[in-house]
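Heads up: the structure comes next, in structure tokens.
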Amino acid sequence: MDTDADKLPDEPDSWYDHQLVGLRALRDGVEVGEVVRVEHLPAQDLLIIKSGEREVMLPFVKAMVPSLDLATGTMVVTPPIGLFEEVLPELATPEPAQPESEDGELPEVSETDESAEADQE
């Protein structure tokens with residue numbers, strides 16, 4: 001196939017796989033990995049990013065990859081917390097607190113409490 005390696009597809013915000021492979025993924029200005037391949041799934045494309053010893057699957061959507069620059073070989077990523085690193089305990093979502101009675105037991109729910117909740121709905 002005779003194609004210029006630097007030529008972009010005709011559609012805006014479109015790239016060929018070979019242009020994405022090798023891009024460095026930057027999060028908050030810090031490199032978190034490098035694109036090693038692109039997976040084309042029915043719902044969306046996934047960028048497979050080598051990060052340390054593991055591969056991370058990042059949906060190739062504007063919300064997670066807001067910009068990329070072929071000239072510098074970089075792309076900015078905004079993944080959810082924990083995708084590229086272990087979640088620190090202070091960043092993890094805490095379990096909802098359960099009210100306890102004075103003896104440490106969970107309170108009993110009476111039928112009147114349940115019917116009052118049903119009336120509120």
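Every chain in the structure tokens has a letter given in the order shown (A, B, ...), and although residue numbers restart at 1 in each chain, ligands are simply numbered from 1 in the order shown.
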
Q: Tell me, as an MDAnalysis selection string, which residues lie within 10 Å of stretch 68-74 of chain A, counting only C-alpha atoms; anything in the same chain fewer than 2 positions away does not count.
A: chainID A and resid 6 13 15 19:26 31 34:35 65:66 76:77

Q.
So that I can check the surroundings of stretch 37-47 of chain A, please list as a PyMOL selection string every protein, DNA and RNA residue that reaches within 7 Å of it, counting only C-alpha atoms and ignoring chain neighbours fewer than 6 positions away.
A. chain A and resi 17+21+57-60

Please write the residues from the selection above to a file, keeping C-alpha atoms, as a PDB file, in the first residue's frame.
ATOM      1  CA  ASP A  17      -2.915   2.969  14.460  1.00  0.00           C
ATOM      2  CA  VAL A  21       1.680   3.350  18.718  1.00  0.00           C
ATOM      3  CA  MET A  57      -6.561  -0.472  28.616  1.00  0.00           C
ATOM      4  CA  LEU A  58      -7.645   3.149  28.162  1.00  0.00           C
ATOM      5  CA  PRO A  59     -10.806   3.975  26.197  1.00  0.00           C
ATOM      6  CA  PHE A  60      -9.825   6.186  23.270  1.00  0.00           C
TER       7      PHE A  60
END

List every residue of stretch 15-96 of chain A that DSSP, applied to the backbone of this structure, places in strand (DSSP E or B), and write the result as a short mmCIF file (atom, residue, chain, number, x, y, z; two decimals) with C-alpha atoms, in the first residue's frame.
data_model
loop_
_atom_site.label_atom_id
_atom_site.label_comp_id
_atom_site.auth_asym_id
_atom_site.auth_seq_id
_atom_site.Cartn_x
_atom_site.Cartn_y
_atom_site.Cartn_z
CA ARG A 24 3.98 8.74 25.38
CA ALA A 25 0.97 9.10 27.68
CA LEU A 26 1.22 12.12 29.99
CA ARG A 27 -0.96 12.65 33.03
CA VAL A 30 4.14 13.15 34.10
CA GLU A 31 4.70 10.21 31.76
CA VAL A 32 2.59 7.22 32.83
CA GLY A 33 3.30 4.92 29.90
CA GLU A 34 3.53 4.37 26.15
CA VAL A 35 0.94 3.19 23.64
CA VAL A 36 1.90 -0.31 22.47
CA ARG A 37 -1.19 -1.12 20.38
CA VAL A 38 -4.75 -0.15 19.54
CA GLU A 39 -7.68 -2.55 20.00
CA HIS A 40 -10.79 -1.93 17.90
CA ASP A 45 -11.33 1.76 20.49
CA LEU A 46 -8.95 1.02 23.34
CA LEU A 47 -5.40 2.25 23.64
CA ILE A 48 -3.19 -0.38 25.25
CA ILE A 49 -0.60 1.51 27.26
CA LYS A 50 2.47 -0.17 28.73
CA SER A 51 2.84 1.25 32.23
CA ARG A 54 1.57 -4.04 33.12
CA GLU A 55 -0.63 -3.04 30.23
CA VAL A 56 -3.50 -0.63 30.87
CA MET A 57 -6.56 -0.47 28.62
CA LEU A 58 -7.65 3.15 28.16
CA PRO A 59 -10.81 3.97 26.20
CA SER A 67 -5.35 15.98 23.26
CA LEU A 68 -2.52 14.38 21.39
CA ASP A 69 0.42 15.80 19.50
CA THR A 74 2.78 12.73 23.30
CA MET A 75 -0.83 12.59 24.35
CA VAL A 76 -2.53 13.94 27.45
#

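For the choices A:Met64, A:Tyr16, A:Thr78, A:Glu53, the atom-to-atom distance to A:Asp28 is smallest for A:Thr78 when using only C-alpha atoms.
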